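Input: a single structure, listed below in structure tokens.
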Amino acid sequence: MKFSSPLIRATLIRRYKRFLADCRLEDGREVVAHCANTGAMTGLKQEGQGIWLEPNDDPKRKLNYSWKFVELGNGHFAGIDTGLANRLVREALDAGRIKELTGYDNIRAEAKYGQNSRIDFLLTAEGRPDAYVEVKSVTLHGAPDWAEFPDTVTLRGTKHLGELTQMVAQGHRAVMLYLVQRTDCTRFRLAEALDPAYATAYREAHAAGVEMLCYACDITPSGIHLGTALPVEQI
């Protein structure tokens with residue numbers, strides 16, 4: 001996935017009100033960028049960090065910049081825009097790049113299911129169980145090379161695991177897909193200490209037959225693409 005406008009480098013001044021970030025461009029100007037991430041963003045919002053912004057000139061948008069990436073050092077990057085996760089997975093599904101999810105004729109986004117919820121992707125094909133796929137963007141880093149989820153308590157995430165479990169009970173296929181939006185991780189595990197309830201729901205879902213997948217991202221200032229599958233630590 002490439003962006004409609006080339007990204008530009010800036011320095012983070014501060015993130016505030018969840019959706020806003022003050023940034024300093026390389027020419028010295030200070031601008032406000034949209035931060036499309038409601039999570040804790042642990043380790044990704046320190047003053048002085050190098051970041052990358054996507055400029056836009058859409059008069060319908062309130063801000064002229066969107067914060068996309070954080071520089072991690074040693075050539076590594078992290079993607080902070082959680083909205084990119086579904087777009088990237090959709091692109092990969094259409095191209096057949098997620099081998100565990102190939103062979104379906106139809107891909108439907110935001111299909112209603114569960115209790116007033118919408119599944120990220122519903123995959124269907126003649127003669128196959130429907131596949132309900134939920135996507136989670138992962139940005140938390142655990143030493144030395146672990147990607148971890150969640151980065152804070154997530155009642156919504158726990159609810160999703162329960163609903164996926166119900167889909168399995170109804171004879172469908174259910175998949176939790178963790179997309180690691182940082183390039184310095186080679187494996188995935190739960191951050192159980194941050195949300196024990198989520199870890200419990202994860203165990204129950206996995207035991208019931210919910211599939212747990214994890215994929216990396218290849219990230220550079222010129223774009224973001226689906227990377228390789230990462231091993232998932234089972235708890």
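Labels used: A, B, ... for chains in the order of the structure tokens, numbers from 1 for residues in each chain, and numbers from 1 for ligands as shown.
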Where in region 46-202 of chain A does DSSP assign alpha helix (DSSP H), given as a ChimeraX atom specification? /A:83-95,155-169,196-202
Enumerate as a ChimeraX atom specification all residues of region 51-189 of chain A assigned to strand (DSSP E) by DSSP on the backbone, naming them with the chain letters and numbers the document uses. /A:51-55,65-73,76-79,106-113,117-124,131-138,140-142,146-149,173-180,187-189
Might you pull out every residue within 7 Å of Arg24 (chain A), with only C-alpha atoms counted and same-chain residues fewer than 5 positions away left off, and present them as number ranges by chain? A: 10-13, 29-31
Cut-off 12 Å: closest region 117-213 of chain A/region 42-51 of chain A atom pairs per residue, using only C-alpha atoms, as CSV:
```
residue,atom,partner,partner_atom,distance
A:Val138,CA,A:Thr42,CA,11.1
A:Thr139,CA,A:Thr42,CA,8.1
A:Leu140,CA,A:Thr42,CA,6.4
A:His141,CA,A:Gly43,CA,8.0
A:Gly142,CA,A:Gly43,CA,10.4
A:Glu148,CA,A:Thr42,CA,11.0
A:Phe149,CA,A:Thr42,CA,11.3
A:Pro150,CA,A:Thr42,CA,10.5
A:Asp151,CA,A:Thr42,CA,6.9
A:Thr152,CA,A:Thr42,CA,9.0
A:Gln181,CA,A:Leu44,CA,11.7
A:Arg182,CA,A:Leu44,CA,10.6
A:Leu194,CA,A:Thr42,CA,11.7
```
Write the residues you've just listed into a file as a JSON list (two decimals), in the first residue's frame, and include all heavy atoms for each of them.
```
[["chain", "number", "residue", "atom", "x", "y", "z"],
["A", 138, "VAL", "N", -1.29, -4.31, 16.15],
["A", 138, "VAL", "CA", -0.39, -4.53, 17.28],
["A", 138, "VAL", "C", 0.80, -3.58, 17.17],
["A", 138, "VAL", "O", 1.50, -3.58, 16.15],
["A", 138, "VAL", "CB", 0.11, -5.99, 17.29],
["A", 138, "VAL", "CG1", 1.05, -6.22, 18.48],
["A", 138, "VAL", "CG2", -1.06, -6.96, 17.32],
["A", 139, "THR", "N", 1.04, -2.80, 18.23],
["A", 139, "THR", "CA", 2.18, -1.87, 18.22],
["A", 139, "THR", "C", 3.02, -1.94, 19.48],
["A", 139, "THR", "O", 4.05, -1.27, 19.57],
["A", 139, "THR", "CB", 1.71, -0.41, 18.03],
["A", 139, "THR", "OG1", 0.83, -0.06, 19.10],
["A", 139, "THR", "CG2", 1.00, -0.23, 16.69],
["A", 140, "LEU", "N", 2.62, -2.75, 20.47],
["A", 140, "LEU", "CA", 3.36, -2.82, 21.72],
["A", 140, "LEU", "C", 4.56, -3.74, 21.57],
["A", 140, "LEU", "O", 4.44, -4.85, 21.04],
["A", 140, "LEU", "CB", 2.46, -3.32, 22.84],
["A", 140, "LEU", "CG", 3.09, -3.42, 24.24],
["A", 140, "LEU", "CD1", 3.51, -2.04, 24.74],
["A", 140, "LEU", "CD2", 2.11, -4.07, 25.22],
["A", 141, "HIS", "N", 5.72, -3.29, 22.06],
["A", 141, "HIS", "CA", 6.96, -4.05, 21.97],
["A", 141, "HIS", "C", 7.36, -4.59, 23.34],
["A", 141, "HIS", "O", 7.34, -3.87, 24.33],
["A", 141, "HIS", "CB", 8.08, -3.16, 21.44],
["A", 141, "HIS", "CG", 9.42, -3.85, 21.36],
["A", 141, "HIS", "ND1", 10.35, -3.78, 22.37],
["A", 141, "HIS", "CD2", 9.97, -4.62, 20.38],
["A", 141, "HIS", "CE1", 11.42, -4.46, 22.01],
["A", 141, "HIS", "NE2", 11.21, -4.99, 20.83],
["A", 142, "GLY", "N", 7.70, -5.87, 23.37],
["A", 142, "GLY", "CA", 8.24, -6.49, 24.58],
["A", 142, "GLY", "C", 9.61, -7.05, 24.28],
["A", 142, "GLY", "O", 9.81, -7.71, 23.26],
["A", 148, "GLU", "N", 3.35, -7.52, 21.30],
["A", 148, "GLU", "CA", 2.40, -7.88, 22.34],
["A", 148, "GLU", "C", 1.07, -7.14, 22.15],
["A", 148, "GLU", "O", 1.03, -6.02, 21.65],
["A", 148, "GLU", "CB", 2.98, -7.55, 23.72],
["A", 148, "GLU", "CG", 4.25, -8.33, 24.05],
["A", 148, "GLU", "CD", 4.80, -8.02, 25.42],
["A", 148, "GLU", "OE1", 4.45, -6.95, 26.00],
["A", 148, "GLU", "OE2", 5.56, -8.85, 25.95],
["A", 149, "PHE", "N", 0.01, -7.79, 22.58],
["A", 149, "PHE", "CA", -1.34, -7.20, 22.51],
["A", 149, "PHE", "C", -2.12, -7.70, 23.73],
["A", 149, "PHE", "O", -2.00, -8.86, 24.11],
["A", 149, "PHE", "CB", -2.05, -7.62, 21.22],
["A", 149, "PHE", "CG", -3.39, -6.98, 21.04],
["A", 149, "PHE", "CD1", -3.50, -5.76, 20.38],
["A", 149, "PHE", "CD2", -4.53, -7.58, 21.53],
["A", 149, "PHE", "CE1", -4.75, -5.16, 20.21],
["A", 149, "PHE", "CE2", -5.77, -6.98, 21.37],
["A", 149, "PHE", "CZ", -5.88, -5.78, 20.71],
["A", 150, "PRO", "N", -2.94, -6.81, 24.31],
["A", 150, "PRO", "CA", -3.18, -5.41, 24.00],
["A", 150, "PRO", "C", -2.19, -4.50, 24.71],
["A", 150, "PRO", "O", -1.41, -4.97, 25.54],
["A", 150, "PRO", "CB", -4.60, -5.19, 24.54],
["A", 150, "PRO", "CG", -4.67, -6.10, 25.73],
["A", 150, "PRO", "CD", -3.86, -7.32, 25.36],
["A", 151, "ASP", "N", -2.25, -3.20, 24.40],
["A", 151, "ASP", "CA", -1.38, -2.25, 25.09],
["A", 151, "ASP", "C", -2.09, -1.54, 26.23],
["A", 151, "ASP", "O", -1.51, -0.69, 26.91],
["A", 151, "ASP", "CB", -0.77, -1.24, 24.12],
["A", 151, "ASP", "CG", -1.80, -0.33, 23.46],
["A", 151, "ASP", "OD1", -3.02, -0.52, 23.73],
["A", 151, "ASP", "OD2", -1.40, 0.56, 22.69],
["A", 152, "THR", "N", -3.36, -1.89, 26.45],
["A", 152, "THR", "CA", -4.14, -1.38, 27.56],
["A", 152, "THR", "C", -5.37, -2.27, 27.68],
["A", 152, "THR", "O", -5.60, -3.14, 26.82],
["A", 152, "THR", "CB", -4.55, 0.09, 27.33],
["A", 152, "THR", "OG1", -5.12, 0.61, 28.53],
["A", 152, "THR", "CG2", -5.54, 0.22, 26.19],
["A", 181, "GLN", "N", 2.25, -3.90, 13.40],
["A", 181, "GLN", "CA", 2.67, -2.70, 12.66],
["A", 181, "GLN", "C", 3.98, -2.14, 13.22],
["A", 181, "GLN", "O", 4.07, -0.96, 13.55],
["A", 181, "GLN", "CB", 1.58, -1.63, 12.70],
["A", 181, "GLN", "CG", 0.40, -1.87, 11.78],
["A", 181, "GLN", "CD", -0.31, -0.58, 11.44],
["A", 181, "GLN", "OE1", 0.23, 0.31, 10.78],
["A", 181, "GLN", "NE2", -1.55, -0.46, 11.89],
["A", 182, "ARG", "N", 4.97, -2.99, 13.32],
["A", 182, "ARG", "CA", 6.32, -2.52, 13.65],
["A", 182, "ARG", "C", 7.29, -3.59, 13.13],
["A", 182, "ARG", "O", 6.97, -4.77, 13.07],
["A", 182, "ARG", "CB", 6.51, -2.24, 15.13],
["A", 182, "ARG", "CG", 6.16, -3.31, 16.10],
["A", 182, "ARG", "CD", 6.25, -2.78, 17.53],
["A", 182, "ARG", "NE", 7.55, -2.22, 17.84],
["A", 182, "ARG", "CZ", 7.77, -1.26, 18.76],
["A", 182, "ARG", "NH1", 6.76, -0.76, 19.44],
["A", 182, "ARG", "NH2", 8.99, -0.81, 19.00],
["A", 194, "LEU", "N", -1.23, -6.69, 31.36],
["A", 194, "LEU", "CA", -1.95, -5.45, 31.09],
["A", 194, "LEU", "C", -3.46, -5.65, 31.05],
["A", 194, "LEU", "O", -4.21, -4.72, 31.32],
["A", 194, "LEU", "CB", -1.47, -4.84, 29.77],
["A", 194, "LEU", "CG", -0.03, -4.34, 29.75],
["A", 194, "LEU", "CD1", 0.31, -3.76, 28.37],
["A", 194, "LEU", "CD2", 0.19, -3.28, 30.82]]
```
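Of the listed residues A:Ala40, A:Met1, A:Ala143, A:Leu122, the one whose atoms come nearest to Tyr16 (chain A) is A:Ala40, with distances taken using only C-alpha atoms.
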Measuring between only C-alpha atoms, which one of A:Ala216, A:Ala21, A:Val32, A:Ala85 shows the shortest distance to Leu63 (chain A)?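 Smallest distance to Leu63 (chain A) is found for A:Val32.
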Taking only C-alpha atoms into account, which of A:Asn37, A:Leu230, A:Ile8, A:Lys62 comes nearest Arg187 (chain A)?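 Nearest to Arg187 (chain A): A:Leu230.
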What does the distance from CA of Val153 (chain A) to CA of Gly39 (chain A) come to in Å, to one decimal?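 Atom-to-atom, CA of Val153 (chain A) to CA of Gly39 (chain A), that is 9.4 Å.
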Residues near Asp57 (chain A), anyone? I mean within 12 Å using only C-alpha atoms, not counting same-chain ones fewer than 4 positions away, as a count of residues only. 8
7 Å contact set for region 219-225 of chain A, only C-alpha atoms, chain neighbours under 6 positions out, as a short mmCIF file (atom, residue, chain, number, x, y, z; two decimals) with C-alpha atoms, in the first residue's frame:
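Final output, saved to part34.cif:
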```
data_model
loop_
_atom_site.label_atom_id
_atom_site.label_comp_id
_atom_site.auth_asym_id
_atom_site.auth_seq_id
_atom_site.Cartn_x
_atom_site.Cartn_y
_atom_site.Cartn_z
CA MET A 1 0.00 0.00 0.00
CA LYS A 2 1.36 3.34 -1.06
CA PHE A 3 0.02 6.66 0.13
CA PRO A 6 4.55 11.17 -0.28
CA LEU A 7 5.15 11.16 3.47
CA PHE A 77 9.50 1.77 11.91
CA LEU A 88 -3.80 -3.65 4.42
CA THR A 183 9.40 -3.98 12.04
#
```
When you draw a straight line from CA of Leu101 (chain A) to CA of His172 (chain A), how long is it in Å?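 Calculated distance between CA of Leu101 (chain A) and CA of His172 (chain A) is 13.7 Å.
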Taking into account only C-alpha atoms, which residue in the set A:Ser137, A:Gln166, A:Asn74, A:Asn86 is nearest to Gly114 (chain A)?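 That would be A:Gln166, the residue with the smallest distance to Gly114 (chain A).
Atom pair CA of Leu179 (chain A) / CA of Ala95 (chain A): separated by 16.7 Å.
Near Arg90 (chain A), within 12 Å and counting only C-alpha atoms, sit Met1, Gly83, Leu84, Ala85, Asn86, Arg87, Leu88, Ala92, Leu93, Asp94, Ala95, Gly96, Arg97, Ile98, Leu101, Asn106, Ile107, Arg108, Ala109, Glu110, Asp120, Phe121, Leu122, Leu123, Val133, Glu134, Val135, His225 and Leu226 of chain A; same-chain residues fewer than 2 positions away were not included.
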Taking C-alpha atoms for each residue, export the selection above as a short mmCIF file (atom, residue, chain, number, x, y, z; two decimals), in the first residue's frame.
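Written out: out09.cif:
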```cif
data_model
loop_
_atom_site.label_atom_id
_atom_site.label_comp_id
_atom_site.auth_asym_id
_atom_site.auth_seq_id
_atom_site.Cartn_x
_atom_site.Cartn_y
_atom_site.Cartn_z
CA MET A 1 0.00 0.00 0.00
CA GLY A 83 -7.15 2.25 10.24
CA LEU A 84 -4.38 1.03 7.98
CA ALA A 85 -4.65 -2.48 9.41
CA ASN A 86 -7.99 -3.32 7.78
CA ARG A 87 -7.01 -1.66 4.52
CA LEU A 88 -3.80 -3.65 4.42
CA ALA A 92 -3.76 -8.92 1.08
CA LEU A 93 -6.99 -10.93 1.01
CA ASP A 94 -7.81 -9.71 -2.49
CA ALA A 95 -4.31 -10.70 -3.63
CA GLY A 96 -4.43 -14.11 -1.91
CA ARG A 97 -1.39 -13.29 0.22
CA ILE A 98 -2.75 -14.71 3.48
CA LEU A 101 -7.52 -17.41 4.18
CA ASN A 106 -16.52 -13.38 -1.62
CA ILE A 107 -15.02 -10.93 0.87
CA ARG A 108 -17.44 -8.72 2.74
CA ALA A 109 -16.26 -6.00 5.12
CA GLU A 110 -18.11 -4.82 8.23
CA ASP A 120 -13.98 -6.90 9.99
CA PHE A 121 -14.22 -9.45 7.18
CA LEU A 122 -16.68 -12.22 6.34
CA LEU A 123 -15.32 -14.70 3.80
CA VAL A 133 -12.08 -12.62 10.52
CA GLU A 134 -11.34 -10.01 13.17
CA VAL A 135 -8.22 -7.81 12.76
CA HIS A 225 2.83 -3.95 2.94
CA LEU A 226 1.89 -7.29 4.46
#
```
